[in-house]
file upload_4.txt (compact mmCIF, C-alpha atoms)
# COMPACT_ATOMS: atom_id res chain seq x y z
CA MET I 1 22.87 17.63 -175.20
CA LYS I 2 25.21 14.96 -173.80
CA SER I 3 28.02 17.48 -173.46
CA ILE I 4 25.99 19.57 -171.01
CA VAL I 5 24.73 16.73 -168.77
CA ILE I 6 28.07 15.92 -167.12
CA PRO I 7 28.90 19.56 -166.26
CA LEU I 8 25.39 19.99 -164.80
CA ILE I 9 25.85 16.87 -162.68
CA VAL I 10 29.23 18.12 -161.47
CA LEU I 11 27.75 21.55 -160.70
CA ALA I 12 24.89 19.95 -158.74
CA LEU I 13 27.39 17.86 -156.76
CA ILE I 14 29.52 20.92 -155.96
CA ILE I 15 26.50 22.93 -154.83
CA GLY I 16 25.17 19.97 -152.83
CA PHE I 17 28.49 19.46 -151.09
CA GLY I 18 28.70 23.19 -150.33
CA ILE I 19 25.26 23.16 -148.75
CA TYR I 20 26.19 20.07 -146.73
CA GLU I 21 29.40 21.77 -145.58
CA VAL I 22 27.62 24.92 -144.40
CA ILE I 23 24.95 22.96 -142.53
CA SER I 24 27.49 20.60 -140.95
CA ILE I 25 29.84 23.35 -139.77
CA ASN I 26 26.95 25.40 -138.45
CA ASN I 27 25.59 22.43 -136.47
CA ILE I 28 28.99 21.31 -135.19
CA TYR I 29 30.08 24.74 -134.00
CA GLY I 30 26.61 25.70 -132.75
CA ALA I 31 26.65 22.73 -130.37
CA PHE I 32 30.26 23.48 -129.44
CA GLU I 33 29.39 27.10 -128.59
CA GLU I 34 26.74 25.82 -126.19
CA LYS I 35 29.43 23.78 -124.42
CA VAL I 36 31.68 26.85 -124.30
CA ASP I 37 28.82 28.87 -122.79
CA TYR I 38 28.43 26.21 -120.12
CA MET I 39 32.17 26.35 -119.36
CA ILE I 40 31.93 30.16 -119.13
CA THR I 41 29.06 29.86 -116.66
CA LEU I 42 31.05 27.44 -114.52
CA ALA I 43 34.12 29.70 -114.62
CA GLU I 44 32.03 32.73 -113.66
CA ASN I 45 30.68 30.77 -110.69
CA LYS I 46 34.24 29.60 -109.89
CA SER I 47 33.04 26.01 -110.00
CA LEU I 48 34.83 24.78 -113.12
CA THR I 49 36.66 21.55 -112.27
CA GLU I 50 39.42 19.72 -114.09
CA GLU I 51 37.11 16.76 -114.73
CA GLU I 52 34.49 18.95 -116.39
CA TYR I 53 37.12 20.69 -118.46
CA ASP I 54 38.67 17.36 -119.48
CA TYR I 55 35.24 16.30 -120.76
CA PHE I 56 35.05 19.61 -122.65
CA CYS I 57 38.48 18.85 -124.17
CA GLU I 58 37.18 15.47 -125.37
CA ILE I 59 34.25 17.24 -127.02
CA TRP I 60 36.69 19.66 -128.65
CA LEU I 61 38.75 16.77 -130.05
CA GLU I 62 35.61 15.38 -131.70
CA VAL I 63 34.73 18.81 -133.10
CA ARG I 64 38.29 19.28 -134.34
CA ALA I 65 38.32 15.90 -136.09
CA LYS I 66 35.03 16.62 -137.85
CA SER I 67 35.86 20.17 -138.85
CA GLU I 68 39.40 19.65 -140.13
CA PHE I 69 37.86 18.04 -143.20
CA PHE I 70 36.06 21.27 -144.07
CA LEU I 71 38.06 24.14 -142.62
CA PRO I 72 41.50 25.66 -143.02
CA HIS I 73 43.71 24.17 -140.34
CA ASN I 74 44.89 27.57 -139.08
CA ASP I 75 41.41 28.41 -137.79
CA VAL I 76 41.04 25.07 -136.05
CA TYR I 77 44.61 25.26 -134.73
CA GLU I 78 43.96 28.60 -133.02
CA ILE I 79 41.03 27.15 -131.09
CA ASN I 80 43.14 24.10 -130.27
CA ILE I 81 45.83 26.31 -128.74
CA ARG I 82 43.28 28.23 -126.68
CA VAL I 83 41.66 25.03 -125.39
CA SER I 84 45.09 23.73 -124.35
CA GLU I 85 46.08 26.99 -122.66
CA THR I 86 42.83 27.15 -120.75
CA LYS I 87 43.45 23.70 -119.31
CA ALA I 88 46.45 25.05 -117.37
CA TYR I 89 44.34 27.91 -115.99
CA VAL I 90 41.65 25.48 -114.89
CA GLN I 91 44.28 23.41 -113.07
CA GLU I 92 45.50 26.55 -111.30
CA ARG I 93 41.91 27.70 -110.66
CA ASP I 94 42.67 31.03 -112.31
CA TYR I 95 39.09 31.72 -113.34
CA GLU I 96 39.76 35.21 -114.71
CA LEU I 97 42.19 33.88 -117.33
CA CYS I 98 39.85 30.94 -117.95
CA LEU I 99 37.06 33.37 -118.73
CA GLY I 100 39.25 35.37 -121.08
CA HIS I 101 40.32 32.34 -123.07
CA LEU I 102 36.85 30.81 -123.09
CA GLU I 103 35.48 34.06 -124.52
CA VAL I 104 38.14 33.94 -127.25
CA ILE I 105 37.21 30.31 -128.00
CA LYS I 106 33.58 31.34 -128.27
CA ASP I 107 34.42 34.25 -130.58
CA LEU I 108 36.59 32.03 -132.79
CA SER I 109 33.81 29.43 -133.00
CA ASN I 110 31.31 32.11 -133.90
CA TYR I 111 33.72 33.48 -136.51
CA ILE I 112 34.06 30.05 -138.11
CA ARG I 113 30.29 29.80 -138.41
CA HIS I 114 30.22 33.33 -139.84
CA PHE I 115 32.84 32.88 -142.55
CA THR I 116 31.48 29.55 -143.78
CA ARG I 117 28.13 31.13 -144.66
CA PRO I 118 27.89 31.74 -148.40
CA ASP I 119 27.24 35.49 -148.18
CA LEU I 120 28.05 37.67 -151.16
CA PRO I 121 30.88 39.58 -149.38
CA HIS I 122 32.54 36.25 -148.53
CA VAL I 123 32.50 35.15 -152.14
CA MET I 124 33.90 38.36 -153.56

call {"tool": "encode", "arguments": {"input": "upload_4.txt", "output": "structure tokens"}}
result
Amino acid sequence: MKSIVIPLIVLALIIGFGIYEVISINNIYGAFEEKVDYMITLAENKSLTEEEYDYFCEIWLEVRAKSEFFLPHNDVYEINIRVSETKAYVQERDYELCLGHLEVIKDLSNYIRHFTRPDLPHVM
């Protein structure tokens, strides 16, 4: 009986941490996608300013710091590159390129939420 207790505790901890990871990533990137949507709206209206985008970059840095603990760095790095590239387009007021990159950031964020869900196809 004692030999089964420790593996059950370890299994419970692994499952608990997995559930925590899924919930955390979903919440972090859900809130981040809302910020991206707001940036898209501003870019569509051609009213996106450097100050607003700088604030968005600060939010991204917080998201990046939280998510690097859970996620492969390649996925986070790709968003990081896109956020940095978009900053130059905001400075130049090139709203078409801003929109393109913001849409990619949104898709990447949505993809991260998608692949962290414990669906059967993801496990196999």

call {"tool": "closest_residue", "arguments": {"input": "upload_4.txt", "among": "I:Cys98, I:Cys57, I:Val83, I:Ile23", "to": "I:His114", "atoms": "all atoms listed in the file"}}
result
I:Ile23

call {"tool": "closest_residue", "arguments": {"input": "upload_4.txt", "among": "I:Pro118, I:Ile112, I:Lys2, I:Leu11", "to": "I:Leu71", "atoms": "only C-alpha atoms"}}
result
I:Ile112

call {"tool": "atom_distance", "arguments": {"input": "upload_4.txt", "atom1": "atom CA of I:Glu33", "atom2": "atom CA of I:Leu48"}}
result
16.6 Å

call {"tool": "atom_distance", "arguments": {"input": "upload_4.txt", "atom1": "atom CA of I:Leu108", "atom2": "atom CA of I:Ile79"}}
result
6.8 Å

call {"tool": "residues_around", "arguments": {"input": "upload_4.txt", "residues": "I:Tyr38", "least_positions_apart": "2", "cutoff": "12 Å", "atoms": "all atoms listed in the file", "output": "short mmCIF file (atom, residue, chain, number, x, y, z; two decimals) with C-alpha atoms, keeping the file's coordinate frame"}}
result
data_model
loop_
_atom_site.label_atom_id
_atom_site.label_comp_id
_atom_site.auth_asym_id
_atom_site.auth_seq_id
_atom_site.Cartn_x
_atom_site.Cartn_y
_atom_site.Cartn_z
CA ALA I 31 26.65 22.73 -130.37
CA PHE I 32 30.26 23.48 -129.44
CA GLU I 33 29.39 27.10 -128.59
CA GLU I 34 26.74 25.82 -126.19
CA LYS I 35 29.43 23.78 -124.42
CA VAL I 36 31.68 26.85 -124.30
CA ILE I 40 31.93 30.16 -119.13
CA THR I 41 29.06 29.86 -116.66
CA LEU I 42 31.05 27.44 -114.52
CA ALA I 43 34.12 29.70 -114.62
CA GLU I 44 32.03 32.73 -113.66
CA ASN I 45 30.68 30.77 -110.69
CA SER I 47 33.04 26.01 -110.00
CA LEU I 48 34.83 24.78 -113.12
CA GLU I 52 34.49 18.95 -116.39
CA TYR I 53 37.12 20.69 -118.46
CA PHE I 56 35.05 19.61 -122.65
CA LEU I 99 37.06 33.37 -118.73
CA LEU I 102 36.85 30.81 -123.09
CA GLU I 103 35.48 34.06 -124.52
CA LYS I 106 33.58 31.34 -128.27
#

call {"tool": "closest_residue", "arguments": {"input": "upload_4.txt", "among": "I:Glu85, I:Glu78, I:Glu58, I:Glu68", "to": "I:Glu21", "atoms": "all atoms listed in the file"}}
result
I:Glu68

call {"tool": "closest_residue", "arguments": {"input": "upload_4.txt", "among": "I:Ser3, I:Gly16, I:Ser84, I:Asp75", "to": "I:Phe115", "atoms": "all atoms listed in the file"}}
result
I:Asp75

call {"tool": "atom_distance", "arguments": {"input": "upload_4.txt", "atom1": "atom CA of I:Val22", "atom2": "atom CA of I:Thr86"}}
result
28.2 Å

call {"tool": "closest_residue", "arguments": {"input": "upload_4.txt", "among": "I:Asp119, I:Ile81, I:Tyr95, I:Ile15", "to": "I:Met39", "atoms": "all atoms listed in the file"}}
result
I:Tyr95

call {"tool": "closest_residue", "arguments": {"input": "upload_4.txt", "among": "I:Asp107, I:Ile28, I:Thr49, I:Pro7", "to": "I:Gln91", "atoms": "only C-alpha atoms"}}
result
I:Thr49
